Every structure is written in C-alpha cells, then in structure tokens.
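Peer 1: The structure under discussion is supplied below as structure tokens; questions concerning it will follow.
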Amino acid sequence: MLTKTEALVLHAIKYGETRMIVDVFTRTQGRLSLIVSIPKSPKGKIRKQLFQPLTLLEAEIDIRPQAQLHKLRDVRLATPFATIPFHPHKLAIVLFVAEFLYHALRSEQRNEPLFDYIANSVQWLDGQTDRFANFHLVFLMRLSRFLGFYPNLDDYQAGDYFDLRESVFCAQPPLHHDVLQPSEADKLQLMMRMDYPTMHLFRLSHHERNRLLEVAVAYYRLHLPSFPELKSLAVLQEIYT
C-alpha cells in the first residue's frame, strides 16, 4: 500500500553499492525501516544527503504487512535545515538526539503528538542563534511525558529525593541506589518546568549540565528495556567541558 507521510530520519546505513537502510519515525505509521535505492546518476531525485539525522522528509512508502523493510518510492525535503549542518554544537546535539531516539522509539507505533513534538523541537533548534545550550536536557525531560514515565511535579516538596525507578519525588530515600539526592532532585524538577524559550534563564555550569545529562540517560535506561550505551554521549559531553 502506497502511503504518503512526513518522516524524521533516525539512522541510515549503507547497504550494498546503491542502497541504504534508513530508520525513520513517521507521522502516520510510527517507526519504520526503509530500503532506499540511491541512483548512481548525480541527477537522481533520491540522494543520500537527504537522510542526515533528524531531517524532516515528505515520503511515499510502499508499506507491506509483516515486512521488515518497506520500500521508499519517492521523497523530498519537507523543511531544509538552515543552520544545524554548519554549527558544530547544534550538530553534536542533533546527532545525540537522533541516536537517542533511534533506541528509545524502537517499537513506537503511530503517535502524532510525539512526532510533532520532535519535529517542532528540531525546527526550533535550527532557528536559534544562541541560548540553546540546555536544549537536549529539556528535550529529554519533556520526551518522557510522551513515553509514559513523566513524574508528577505537583508532589515535589523542597528537600525531596527523586526515585529514578518509580519516577516520583519522595521525602525519604528509597531502599535502592537509583535515587537523586535533594540537591540534584531540586535541579531536576526546575529543569522539567522549563521550556525552550525560557530554559536560558536556568544557568548551569558545564559540570552540572553534563551531570544532568548523565541522570537523564540513566533514567531512560531504567525505563526502556535494552537501552544501550550511546556513542554520541561522550562527544556531546566533550563540548560542555
């Protein structure tokens, strides 16, 4: 069945001389793996440059029930990047977010609000000239709302701990080690209240930013099965040292 949909590129790998396997998150079909033929002619419409991480595409896909790979019939850029490919800090953030989503959305079905959240977030980052250093932190914290383990911030009281396993703030530490002490729990609940336009008001040292990133990744690893180590994490942390 031919289906037209918007799609966000999560990962692409060469497959033979003239083909690629591209993992995408689509607006109408959820997560899909595509087999893509790349013409040898430079005049071909489908070019490998279209499949850079988190590129927003308009795609026509031949979807076959039970198939593991679906054939991409046609594609074009929906919203070209203006700054991300040319800005090393933005590019490092996007590479990290794409790798993160590649694992976090491994079995995600159709979820239009989640698709819109990701697409709008990346377009916001692309349009910024500054004040985006906390982008990946806010993105990950708000992403948890769509995946079902966003904590109830209304329960927070000054001095609370944060139980990473149960996604709750608590007055007493739990009987395990997956917990944030009150000083870090306070920073976490403040960051979770931030949005992109206001996040620059929350000033973090490089150490604090990297620590919160470690906490966010550990949090997801507790709630998503088989979530691996991320190769791009060290690169992103190197920027903020």
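The way I read the labels, and the way they are meant: chains A, B, ... in the order of the structure tokens, residue 1 as the first residue of every chain, and ligand 1 as the first ligand shown, with later ones counted on from there.
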Segment 100-102 of chain A: which residues within 10 Å, counting only C-alpha atoms, same-chain residues fewer than 5 positions away excluded, as a list in words?
Peer 2: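 My list of contacting residues is Val9, Leu10, His11, Asp23, Val24, Phe25, Arg31, Pro53, Leu54, Val94, Leu95, Ser107, Ile118, Leu140, Leu143, Val217, Tyr220, Phe227, Pro228, Glu229, Leu230, Lys231, Ser232 and Leu233 of chain A.
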Peer 1: Could you name the residues that touch segment 12-17 of chain A at 12 Å or less, counting only C-alpha atoms, but leaving out those on the same chain fewer than 5 positions away, as a ChimeraX atom specification?
Peer 2: /A:22-24,32-40,48-55,95,98-99,102
Peer 1: Go through A:Lys45, A:His176, A:Arg76, A:Arg221 and flag the residue nearest Phe149 of chain A, using only C-alpha atoms for the distances.
Peer 2: A:Arg221
Peer 1: Taking into account only C-alpha atoms, which residue in the set A:Leu72, A:Leu114, A:Ala67, A:Leu204 is nearest to Ile46 of chain A?
Peer 2: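 Closest candidate: A:Leu72.
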Peer 1: List as a PyMOL selection string the protein and nucleic acid residues near His223 of chain A, meaning an atom at most 10 Å away when only C-alpha atoms are counted, but skip any in the same chain fewer than 2 places from it.
Peer 2: chain A and resi 104+144+147-149+164-167+218-221+225-227
Peer 1: Give me the residues near Ser183 of chain A as a PDB file with N, CA, C and O atoms, in the first residue's frame, where near means some atom within 9 Å (using only C-alpha atoms) and where sequence neighbours in that chain fewer than 4 positions away do not count.
Peer 2:
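This is the output file part.pdb:
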```pdb
ATOM      1  N   GLY A 159      13.571  19.660  49.493  1.00  0.00           N
ATOM      2  CA  GLY A 159      14.249  18.650  50.293  1.00  0.00           C
ATOM      3  C   GLY A 159      13.919  17.222  49.903  1.00  0.00           C
ATOM      4  O   GLY A 159      14.489  16.276  50.468  1.00  0.00           O
ATOM      5  N   ASP A 160      13.022  17.045  48.930  1.00  0.00           N
ATOM      6  CA  ASP A 160      12.675  15.698  48.479  1.00  0.00           C
ATOM      7  C   ASP A 160      13.825  15.028  47.740  1.00  0.00           C
ATOM      8  O   ASP A 160      14.675  15.698  47.134  1.00  0.00           O
ATOM      9  N   TYR A 161      13.815  13.712  47.762  1.00  0.00           N
ATOM     10  CA  TYR A 161      14.651  12.882  46.898  1.00  0.00           C
ATOM     11  C   TYR A 161      13.855  12.593  45.618  1.00  0.00           C
ATOM     12  O   TYR A 161      12.647  12.827  45.554  1.00  0.00           O
ATOM     13  N   LYS A 187      17.292  20.505  41.156  1.00  0.00           N
ATOM     14  CA  LYS A 187      17.665  20.953  39.805  1.00  0.00           C
ATOM     15  C   LYS A 187      16.822  20.246  38.753  1.00  0.00           C
ATOM     16  O   LYS A 187      16.391  20.853  37.768  1.00  0.00           O
ATOM     17  N   LEU A 188      16.574  18.957  38.972  1.00  0.00           N
ATOM     18  CA  LEU A 188      15.785  18.193  38.002  1.00  0.00           C
ATOM     19  C   LEU A 188      14.370  18.739  37.881  1.00  0.00           C
ATOM     20  O   LEU A 188      13.871  18.958  36.774  1.00  0.00           O
TER      21      LEU A 188
END
```
Peer 1: Using only C-alpha atoms, find the one residue out of A:Ile21, A:Ala185, A:Leu2, A:Met191 that sits nearest to Glu60 of chain A.
Peer 2: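 For Glu60 of chain A, the nearest of the candidates is A:Leu2.
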Peer 1: Give me, as a count of residues only, the residues of segment 115-187 of chain A that a backbone DSSP run labels strand (DSSP E or B).
Peer 2: 8
Peer 1: I'd like the interatomic distance between atom CA of Phe202 of chain A and atom CA of Asp178 of chain A, to a tenth of an Å.
Peer 2: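 So the answer is 24.9 Å.
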Peer 1: Which residues come within 9 Å of segment 88-91 of chain A, counting only C-alpha atoms, excluding same-chain residues fewer than 3 positions away, as a PyMOL selection string?
Peer 2: chain A and resi 83-85+94-96+125-126+132-133+236+239
Peer 1: Tell me which of A:His206, A:Arg193, A:Arg47, A:Arg110 sits closest to Arg142 of chain A, counting only C-alpha atoms.
Peer 2: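 Ranked by minimum distance to Arg142 of chain A, first place goes to A:Arg193.
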Peer 1: Per DSSP on the backbone, what are the alpha helix (DSSP H) residues of segment 85-195 of chain A, as a PyMOL selection string?
Peer 2: chain A and resi 88-104+112-127+135-147+182-192
Peer 1: Give me, please, the distance in Å between atom CA of Leu8 of chain A and atom CA of Thr26 of chain A, quoted to one decimal.
Peer 2: 6.2 Å
